[in-house]
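Q: Please see the structure below; I have some questions.
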Amino acid sequence: MSTPTIQVTLVQLDNYGPWTVTPEPRRETDLQSLQARLFADVSRQVGTGGGYVFHSRFDNMIAVTNGLDDEDHTAIQRTVRNQYPVTVSLSVAASDTPAAALELASERLQRVGSAQDSNREEALVGDPLDDEARTAEDVTVAHFDVDDFTSRYTDRVDAFDAHMSVTTAYATLMRYLYRECDALSFFVGGDNIVSICPSAEPTNYQGAIQHVTAETGIELKVGIGRGRTAHEAGMSAKHALEECRTNGTRIERDLATAHGD
Ligand SMILES: Nc1nc2c(ncn2[C@@H]2O[C@H](COP(=O)(O)OP(=O)(O)OP(=O)(O)O)[C@@H](O)[C@H]2O)c(=O)[nH]1
């Protein structure tokens with residue numbers, strides 16, 4: 001059987017920086033609205049194929065696209081082109097760790113042109129995985145959640161304090177998992193952080209949770225799931241997180257066949 005392989009797609013807006021100030025600086029709320037709508041559309045399309053996309057910096061989005069082929073990628077570019085005053089370039093790469101796949105995807109896109117090159121429009125580089133090379137364990141998702149965030153923070157401290165607490169925990173976890181385990185972590189709202197972890201080698205979840213508590217005082221729990229796509233692995237992770245809630249545990253794995261949806 002093939003080694004589990006994660007497929008990542010870097011989504012980058014073409015020549016967006018210059019556009020935001022041409023012919024003069026555009027209203028910030030208009031840019032925010034455009035970015036949010038564009039992310040929502042890309043998310044729906046990637047999600048239909050079983051992938052996950054994270055908004056990252058909005059002008060650069062990071063997607064886990066196991067199961068999405070060339071046609072799916074072209075369809076994303078078409079949707080954006082038909083609905084927005086901007087276009088997107090896409091770079092696909094696969095590797096045994098998420099960090100390595102994203103590094104490769106980034107290098108490929110950098111090679112075909114700068115993010116601010118007016119001649120680079122709708123580049124599509126890299127090759128999606130062949131279906132025969134895919135396995136049921138290609139994607140590992142770890143869904144982290146702050147323990148009792150509502151009673152400890154939301155209902156107790158002011159909203160900005162709660163926001164700072166969760167983003168500090170996020171930054172600490174993100175750095176640890178990237179440096180120690182080659183995983184990519186993203187804040188997805190509320191008190192939730194989704195990490196895309198390597199399937200091919202173990203991830204130190206215990207170490208990550210302990211590190212965040214030692215650095216920030218914030219206690220996390222995590223559900224871990226695997227699947228053929230990000231969606232399958234993510235659903236499996238959500239079920240594992242429910243097990244944490246039921247059992248009062250900090251780490252649960254759902255290695256059984258991924259739940260449908
Ligand atoms: N993106 C995302 N956000 C979620 C999810 N579940 C909860 N949230 C968000 O997280 C906030 C807190 O919810 P919970 O995590 O269930 O609440 P809690 O007080 O931490 O309780 P426990 O998680 O049981 O310890 C909610 O208001 C939502 O904004 C999820 O699966 N995905």
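Identifiers in the structure tokens: chain A, B, ... in order shown; residue index from 1 per chain; ligand index from 1 in order shown.
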Find the nearest atom pair between each residue of chain A and ligand 1 for residues within 12 Å, count only C-alpha atoms and all ligand atoms, give distances in Å to one decimal, sort rows by chain and ascending number, and present the table as a tab-separated table.

A:
```
residue	atom	partner	partner_atom_place_in_ligand_line	distance
A:Tyr52	CA	ligand 1	1 (N)	12.0
A:Phe54	CA	ligand 1	1 (N)	11.0
A:Ala142	CA	ligand 1	31 (O)	11.6
A:His143	CA	ligand 1	31 (O)	8.1
A:Phe144	CA	ligand 1	15 (O)	9.2
A:Asp145	CA	ligand 1	15 (O)	5.8
A:Val146	CA	ligand 1	20 (O)	5.3
A:Asp147	CA	ligand 1	25 (O)	3.9
A:Asp148	CA	ligand 1	25 (O)	3.5
A:Phe149	CA	ligand 1	20 (O)	3.7
A:Thr150	CA	ligand 1	19 (O)	3.6
A:Ser151	CA	ligand 1	19 (O)	5.8
A:Arg152	CA	ligand 1	19 (O)	7.6
A:Tyr153	CA	ligand 1	19 (O)	8.4
A:Thr154	CA	ligand 1	19 (O)	8.0
A:Asp155	CA	ligand 1	19 (O)	9.3
A:Arg156	CA	ligand 1	19 (O)	11.5
A:Ala162	CA	ligand 1	12 (C)	11.2
A:His163	CA	ligand 1	11 (C)	11.5
A:Val166	CA	ligand 1	10 (O)	10.5
A:Phe186	CA	ligand 1	1 (N)	10.2
A:Phe187	CA	ligand 1	1 (N)	8.1
A:Val188	CA	ligand 1	1 (N)	4.7
A:Gly189	CA	ligand 1	1 (N)	4.6
A:Gly190	CA	ligand 1	29 (O)	3.5
A:Asp191	CA	ligand 1	10 (O)	4.7
A:Asn192	CA	ligand 1	3 (N)	5.4
A:Ile193	CA	ligand 1	1 (N)	7.8
A:Val194	CA	ligand 1	1 (N)	8.5
A:Ile218	CA	ligand 1	20 (O)	11.3
A:Glu219	CA	ligand 1	25 (O)	9.5
A:Leu220	CA	ligand 1	25 (O)	8.6
A:Lys221	CA	ligand 1	25 (O)	8.1
A:Val222	CA	ligand 1	23 (O)	9.9
A:Gly223	CA	ligand 1	31 (O)	10.8
A:Gly234	CA	ligand 1	31 (O)	9.4
A:Met235	CA	ligand 1	31 (O)	9.2
A:Ser236	CA	ligand 1	31 (O)	11.5
A:Ala237	CA	ligand 1	31 (O)	9.6
A:Lys238	CA	ligand 1	31 (O)	6.6
A:His239	CA	ligand 1	31 (O)	9.8
A:Ala240	CA	ligand 1	31 (O)	11.4
A:Leu241	CA	ligand 1	23 (O)	8.5
A:Glu242	CA	ligand 1	24 (O)	8.2
A:Glu243	CA	ligand 1	24 (O)	10.5
A:Cys244	CA	ligand 1	24 (O)	8.7
A:Arg245	CA	ligand 1	24 (O)	5.8
A:Thr246	CA	ligand 1	24 (O)	9.0
A:Asn247	CA	ligand 1	24 (O)	11.2
A:Gly248	CA	ligand 1	25 (O)	9.4
A:Thr249	CA	ligand 1	25 (O)	10.7
A:Arg250	CA	ligand 1	25 (O)	10.3
```

Q: Go ahead and save the residues from that selection, with N, CA and C atoms, as a compact mmCIF listing (two decimals), in the first residue's frame.

A:
```txt
# COMPACT_ATOMS: atom_id res chain seq x y z
N TYR A 52 -10.95 20.77 2.61
CA TYR A 52 -11.07 21.87 3.57
C TYR A 52 -10.25 23.03 3.03
N PHE A 54 -8.74 26.89 4.41
CA PHE A 54 -8.59 27.82 5.53
C PHE A 54 -8.26 29.19 4.95
N ALA A 142 -6.69 16.98 13.42
CA ALA A 142 -6.80 17.09 14.88
C ALA A 142 -7.65 18.32 15.17
N HIS A 143 -8.79 18.11 15.81
CA HIS A 143 -9.70 19.24 16.11
C HIS A 143 -9.53 19.59 17.59
N PHE A 144 -8.90 20.73 17.85
CA PHE A 144 -8.64 21.19 19.22
C PHE A 144 -9.76 22.14 19.66
N ASP A 145 -10.01 22.11 20.98
CA ASP A 145 -11.07 22.95 21.54
C ASP A 145 -10.63 23.34 22.96
N VAL A 146 -10.88 24.60 23.32
CA VAL A 146 -10.53 25.03 24.69
C VAL A 146 -11.57 24.44 25.65
N ASP A 147 -11.08 23.92 26.77
CA ASP A 147 -11.97 23.30 27.75
C ASP A 147 -12.85 24.36 28.42
N ASP A 148 -14.15 24.16 28.37
CA ASP A 148 -15.12 25.05 29.05
C ASP A 148 -14.90 26.52 28.73
N PHE A 149 -14.70 26.82 27.48
CA PHE A 149 -14.42 28.21 27.11
C PHE A 149 -15.58 29.14 27.50
N THR A 150 -16.79 28.64 27.35
CA THR A 150 -17.95 29.49 27.62
C THR A 150 -17.98 29.93 29.08
N SER A 151 -17.89 28.97 30.01
CA SER A 151 -17.99 29.35 31.43
C SER A 151 -16.72 30.02 31.94
N ARG A 152 -15.56 29.67 31.36
CA ARG A 152 -14.32 30.28 31.86
C ARG A 152 -14.01 31.63 31.24
N TYR A 153 -14.45 31.85 30.01
CA TYR A 153 -14.08 33.07 29.31
C TYR A 153 -15.30 33.86 28.81
N THR A 154 -16.07 33.27 27.89
CA THR A 154 -17.16 34.02 27.22
C THR A 154 -18.11 34.67 28.22
N ASP A 155 -18.49 33.91 29.27
CA ASP A 155 -19.46 34.42 30.24
C ASP A 155 -18.79 35.16 31.40
N ARG A 156 -17.45 35.27 31.37
CA ARG A 156 -16.76 35.84 32.54
C ARG A 156 -15.93 37.07 32.26
N ALA A 162 -11.45 37.59 25.88
CA ALA A 162 -11.71 36.22 25.41
C ALA A 162 -11.04 36.00 24.06
N HIS A 163 -11.13 36.98 23.20
CA HIS A 163 -10.51 36.91 21.88
C HIS A 163 -8.99 36.75 22.00
N VAL A 166 -7.96 33.17 23.23
CA VAL A 166 -8.02 32.08 22.25
C VAL A 166 -6.98 32.27 21.15
N PHE A 186 -4.97 25.93 12.03
CA PHE A 186 -5.75 27.11 11.65
C PHE A 186 -6.86 27.35 12.66
N PHE A 187 -7.04 28.61 13.03
CA PHE A 187 -8.16 29.00 13.89
C PHE A 187 -9.41 29.01 13.01
N VAL A 188 -10.46 28.30 13.45
CA VAL A 188 -11.65 28.19 12.60
C VAL A 188 -12.89 28.83 13.21
N GLY A 189 -12.72 29.54 14.33
CA GLY A 189 -13.85 30.23 14.94
C GLY A 189 -14.13 29.71 16.34
N GLY A 190 -14.83 30.55 17.13
CA GLY A 190 -15.16 30.17 18.50
C GLY A 190 -13.89 29.92 19.29
N ASP A 191 -13.74 28.70 19.80
CA ASP A 191 -12.51 28.32 20.52
C ASP A 191 -11.89 27.10 19.84
N ASN A 192 -12.07 27.02 18.52
CA ASN A 192 -11.67 25.81 17.78
C ASN A 192 -10.45 26.04 16.89
N ILE A 193 -9.55 25.08 16.94
CA ILE A 193 -8.37 25.11 16.08
C ILE A 193 -8.30 23.76 15.37
N VAL A 194 -8.18 23.81 14.06
CA VAL A 194 -8.08 22.56 13.29
C VAL A 194 -6.64 22.44 12.79
N ILE A 218 -3.98 27.99 29.28
CA ILE A 218 -5.22 27.55 28.64
C ILE A 218 -5.21 26.03 28.40
N GLU A 219 -6.33 25.40 28.76
CA GLU A 219 -6.40 23.94 28.64
C GLU A 219 -7.18 23.53 27.40
N LEU A 220 -6.55 22.66 26.63
CA LEU A 220 -7.17 22.20 25.38
C LEU A 220 -7.53 20.73 25.47
N LYS A 221 -8.48 20.33 24.65
CA LYS A 221 -8.71 18.91 24.40
C LYS A 221 -8.69 18.74 22.88
N VAL A 222 -8.49 17.48 22.43
CA VAL A 222 -8.36 17.27 20.99
C VAL A 222 -8.96 15.93 20.56
N GLY A 223 -9.70 15.99 19.46
CA GLY A 223 -10.20 14.79 18.81
C GLY A 223 -9.42 14.59 17.52
N GLY A 234 -12.00 15.09 9.16
CA GLY A 234 -12.52 16.14 10.04
C GLY A 234 -13.77 15.69 10.79
N MET A 235 -14.65 14.96 10.10
CA MET A 235 -15.86 14.45 10.78
C MET A 235 -15.47 13.44 11.85
N SER A 236 -14.52 12.61 11.51
CA SER A 236 -14.03 11.61 12.45
C SER A 236 -13.43 12.31 13.69
N ALA A 237 -12.71 13.39 13.45
CA ALA A 237 -12.11 14.16 14.56
C ALA A 237 -13.20 14.78 15.44
N LYS A 238 -14.26 15.25 14.81
CA LYS A 238 -15.35 15.85 15.59
C LYS A 238 -16.02 14.81 16.48
N HIS A 239 -16.18 13.60 15.95
CA HIS A 239 -16.76 12.53 16.77
C HIS A 239 -15.83 12.18 17.93
N ALA A 240 -14.53 12.18 17.64
CA ALA A 240 -13.55 11.90 18.71
C ALA A 240 -13.60 12.98 19.79
N LEU A 241 -13.80 14.24 19.37
CA LEU A 241 -13.89 15.34 20.33
C LEU A 241 -15.12 15.16 21.22
N GLU A 242 -16.19 14.66 20.64
CA GLU A 242 -17.39 14.37 21.46
C GLU A 242 -17.07 13.29 22.50
N GLU A 243 -16.21 12.34 22.12
CA GLU A 243 -15.78 11.30 23.07
C GLU A 243 -15.04 11.94 24.25
N CYS A 244 -14.21 12.94 23.96
CA CYS A 244 -13.51 13.67 25.03
C CYS A 244 -14.54 14.26 25.99
N ARG A 245 -15.59 14.86 25.42
CA ARG A 245 -16.62 15.50 26.26
C ARG A 245 -17.34 14.45 27.10
N THR A 246 -17.65 13.33 26.47
CA THR A 246 -18.37 12.27 27.18
C THR A 246 -17.51 11.65 28.28
N ASN A 247 -16.26 11.39 27.96
CA ASN A 247 -15.38 10.66 28.88
C ASN A 247 -14.59 11.57 29.81
N GLY A 248 -14.65 12.88 29.59
CA GLY A 248 -13.85 13.81 30.40
C GLY A 248 -12.35 13.65 30.13
N THR A 249 -12.01 13.24 28.90
CA THR A 249 -10.60 13.03 28.54
C THR A 249 -10.07 14.18 27.70
N ARG A 250 -8.75 14.22 27.54
CA ARG A 250 -8.14 15.32 26.77
C ARG A 250 -7.82 14.92 25.33
```

Q: Using DSSP on the backbone coordinates, identify all residues within stretch 14-243 of chain A classified as helix (DSSP H, G or I); present the result as number ranges by chain.

A: A: 16-20, 28-48, 70-83, 98-112, 131-133, 149-154, 159-181, 205-216, 230-243

Q: Which stretch 131-244 of chain A residues have any atom within 7 Å of an atom of stretch 2-24 of chain A, and for each, what is the nearest pair of atoms with distance in Å to one decimal, counting only C-alpha atoms, rows sorted by chain and number, as CSV?

A:
```
residue,atom,partner,partner_atom,distance
A:Ala133,CA,A:Ser2,CA,6.3
A:Thr135,CA,A:Pro4,CA,6.2
A:Glu137,CA,A:Pro4,CA,5.8
A:Asp138,CA,A:Pro4,CA,4.3
A:Val139,CA,A:Ile6,CA,5.9
A:Ser199,CA,A:Pro4,CA,6.0
A:Ala200,CA,A:Pro4,CA,5.8
```

Q: Dump C-alpha atoms for the selected residues as a compact mmCIF listing (two decimals), in the first residue's frame?

A:
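The resulting file, again.txt, is shown below:
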```txt
# COMPACT_ATOMS: atom_id res chain seq x y z
CA ALA A 133 -2.26 6.36 -5.16
CA THR A 135 -5.40 5.68 0.72
CA GLU A 137 -5.46 7.27 5.82
CA ASP A 138 -4.12 10.11 3.69
CA VAL A 139 -5.51 12.92 5.83
CA SER A 199 -0.48 10.55 8.79
CA ALA A 200 2.85 8.90 8.11
```

Q: Could you give me, as a tab-separated table, a per-residue list for stretch 129-246 of chain A showing, wherever an atom lies at most 12 Å from an atom of stretch 39-46 of chain A, the closest pair of atoms and their distance in Å to one decimal, using only C-alpha atoms and sorting by chain then residue number from low to high?

A:
```
residue	atom	partner	partner_atom	distance
A:Thr229	CA	A:Val46	CA	11.0
A:Ala230	CA	A:Val46	CA	10.1
A:His231	CA	A:Val46	CA	10.0
```

Q: Given the selection you just returned, output its residues as a file containing N, CA and C atoms, formatted as a compact mmCIF listing (two decimals), in the first residue's frame.

A:
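Saved the output as out.txt:
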```
# COMPACT_ATOMS: atom_id res chain seq x y z
N THR A 229 -10.27 11.88 2.73
CA THR A 229 -10.38 13.32 2.42
C THR A 229 -10.36 14.09 3.74
N ALA A 230 -10.19 15.41 3.63
CA ALA A 230 -10.22 16.26 4.83
C ALA A 230 -11.58 16.17 5.50
N HIS A 231 -12.63 16.13 4.68
CA HIS A 231 -13.98 16.04 5.24
C HIS A 231 -14.13 14.77 6.09
```

Q: Can you list, as an MDAnalysis selection string, every residue of stretch 41-174 of chain A that DSSP puts in strand (DSSP E or B)?

A: chainID A and resid 52:54 60:64 88:95 124:125 139:146

Q: With N, CA and C atoms kept, could you save the residues just selected as a PDB file, in the first residue's frame?

A:
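The result, stored in result.pdb:
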```pdb
ATOM      1  N   TYR A  52     -10.952  20.771   2.609  1.00  0.00           N
ATOM      2  CA  TYR A  52     -11.070  21.867   3.573  1.00  0.00           C
ATOM      3  C   TYR A  52     -10.254  23.026   3.026  1.00  0.00           C
ATOM      4  N   VAL A  53     -10.745  24.254   3.234  1.00  0.00           N
ATOM      5  CA  VAL A  53      -9.883  25.397   2.924  1.00  0.00           C
ATOM      6  C   VAL A  53      -9.893  26.336   4.122  1.00  0.00           C
ATOM      7  N   PHE A  54      -8.741  26.887   4.406  1.00  0.00           N
ATOM      8  CA  PHE A  54      -8.586  27.821   5.530  1.00  0.00           C
ATOM      9  C   PHE A  54      -8.261  29.191   4.949  1.00  0.00           C
ATOM     10  N   ASN A  60      -4.090  34.798   0.451  1.00  0.00           N
ATOM     11  CA  ASN A  60      -3.501  33.465   0.287  1.00  0.00           C
ATOM     12  C   ASN A  60      -4.322  32.515   1.145  1.00  0.00           C
ATOM     13  N   MET A  61      -4.973  31.554   0.526  1.00  0.00           N
ATOM     14  CA  MET A  61      -5.745  30.566   1.288  1.00  0.00           C
ATOM     15  C   MET A  61      -5.052  29.216   1.135  1.00  0.00           C
ATOM     16  N   ILE A  62      -5.204  28.394   2.157  1.00  0.00           N
ATOM     17  CA  ILE A  62      -4.525  27.089   2.144  1.00  0.00           C
ATOM     18  C   ILE A  62      -5.589  26.002   2.212  1.00  0.00           C
ATOM     19  N   ALA A  63      -5.553  25.100   1.222  1.00  0.00           N
ATOM     20  CA  ALA A  63      -6.582  24.066   1.148  1.00  0.00           C
ATOM     21  C   ALA A  63      -5.968  22.677   1.229  1.00  0.00           C
ATOM     22  N   VAL A  64      -6.729  21.759   1.826  1.00  0.00           N
ATOM     23  CA  VAL A  64      -6.374  20.342   1.819  1.00  0.00           C
ATOM     24  C   VAL A  64      -7.296  19.715   0.792  1.00  0.00           C
ATOM     25  N   VAL A  88      -7.669  33.954  -9.348  1.00  0.00           N
ATOM     26  CA  VAL A  88      -6.799  33.216  -8.426  1.00  0.00           C
ATOM     27  C   VAL A  88      -5.879  32.268  -9.190  1.00  0.00           C
ATOM     28  N   SER A  89      -4.659  32.150  -8.679  1.00  0.00           N
ATOM     29  CA  SER A  89      -3.756  31.109  -9.147  1.00  0.00           C
ATOM     30  C   SER A  89      -3.771  29.988  -8.129  1.00  0.00           C
ATOM     31  N   LEU A  90      -3.570  28.771  -8.607  1.00  0.00           N
ATOM     32  CA  LEU A  90      -3.610  27.608  -7.721  1.00  0.00           C
ATOM     33  C   LEU A  90      -2.343  26.784  -7.911  1.00  0.00           C
ATOM     34  N   SER A  91      -1.796  26.319  -6.793  1.00  0.00           N
ATOM     35  CA  SER A  91      -0.630  25.441  -6.865  1.00  0.00           C
ATOM     36  C   SER A  91      -0.873  24.221  -5.997  1.00  0.00           C
ATOM     37  N   VAL A  92      -0.765  23.061  -6.613  1.00  0.00           N
ATOM     38  CA  VAL A  92      -1.078  21.794  -5.941  1.00  0.00           C
ATOM     39  C   VAL A  92       0.214  21.029  -5.683  1.00  0.00           C
ATOM     40  N   ALA A  93       0.322  20.440  -4.495  1.00  0.00           N
ATOM     41  CA  ALA A  93       1.493  19.586  -4.219  1.00  0.00           C
ATOM     42  C   ALA A  93       1.115  18.540  -3.183  1.00  0.00           C
ATOM     43  N   ALA A  94       1.779  17.396  -3.257  1.00  0.00           N
ATOM     44  CA  ALA A  94       1.504  16.314  -2.308  1.00  0.00           C
ATOM     45  C   ALA A  94       2.809  15.866  -1.667  1.00  0.00           C
ATOM     46  N   SER A  95       2.720  15.495  -0.392  1.00  0.00           N
ATOM     47  CA  SER A  95       3.912  15.009   0.303  1.00  0.00           C
ATOM     48  C   SER A  95       3.469  14.201   1.519  1.00  0.00           C
ATOM     49  N   LEU A 124      -2.098  27.520 -12.965  1.00  0.00           N
ATOM     50  CA  LEU A 124      -2.502  26.273 -12.302  1.00  0.00           C
ATOM     51  C   LEU A 124      -1.311  25.345 -12.430  1.00  0.00           C
ATOM     52  N   VAL A 125      -0.622  25.124 -11.310  1.00  0.00           N
ATOM     53  CA  VAL A 125       0.600  24.311 -11.367  1.00  0.00           C
ATOM     54  C   VAL A 125       0.507  23.144 -10.387  1.00  0.00           C
ATOM     55  N   VAL A 139      -5.348  11.643   5.112  1.00  0.00           N
ATOM     56  CA  VAL A 139      -5.510  12.917   5.830  1.00  0.00           C
ATOM     57  C   VAL A 139      -5.746  12.657   7.318  1.00  0.00           C
ATOM     58  N   THR A 140      -4.992  13.358   8.141  1.00  0.00           N
ATOM     59  CA  THR A 140      -5.211  13.317   9.592  1.00  0.00           C
ATOM     60  C   THR A 140      -5.593  14.720  10.057  1.00  0.00           C
ATOM     61  N   VAL A 141      -6.751  14.811  10.701  1.00  0.00           N
ATOM     62  CA  VAL A 141      -7.217  16.087  11.244  1.00  0.00           C
ATOM     63  C   VAL A 141      -7.267  15.987  12.762  1.00  0.00           C
ATOM     64  N   ALA A 142      -6.691  16.985  13.425  1.00  0.00           N
ATOM     65  CA  ALA A 142      -6.804  17.088  14.884  1.00  0.00           C
ATOM     66  C   ALA A 142      -7.649  18.325  15.171  1.00  0.00           C
ATOM     67  N   HIS A 143      -8.793  18.115  15.814  1.00  0.00           N
ATOM     68  CA  HIS A 143      -9.696  19.242  16.109  1.00  0.00           C
ATOM     69  C   HIS A 143      -9.534  19.593  17.595  1.00  0.00           C
ATOM     70  N   PHE A 144      -8.899  20.733  17.849  1.00  0.00           N
ATOM     71  CA  PHE A 144      -8.642  21.190  19.220  1.00  0.00           C
ATOM     72  C   PHE A 144      -9.758  22.138  19.665  1.00  0.00           C
ATOM     73  N   ASP A 145     -10.008  22.106  20.978  1.00  0.00           N
ATOM     74  CA  ASP A 145     -11.066  22.949  21.542  1.00  0.00           C
ATOM     75  C   ASP A 145     -10.634  23.344  22.959  1.00  0.00           C
ATOM     76  N   VAL A 146     -10.877  24.601  23.325  1.00  0.00           N
ATOM     77  CA  VAL A 146     -10.534  25.028  24.694  1.00  0.00           C
ATOM     78  C   VAL A 146     -11.572  24.438  25.649  1.00  0.00           C
TER      79      VAL A 146
END
```

Q: Would you mind reading off the distance between atom CA of A:Tyr205 and atom CA of A:Thr97, one decimal, in Å?

A: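 Interatomic distance, atom CA of A:Tyr205 to atom CA of A:Thr97: 15.7 Å.
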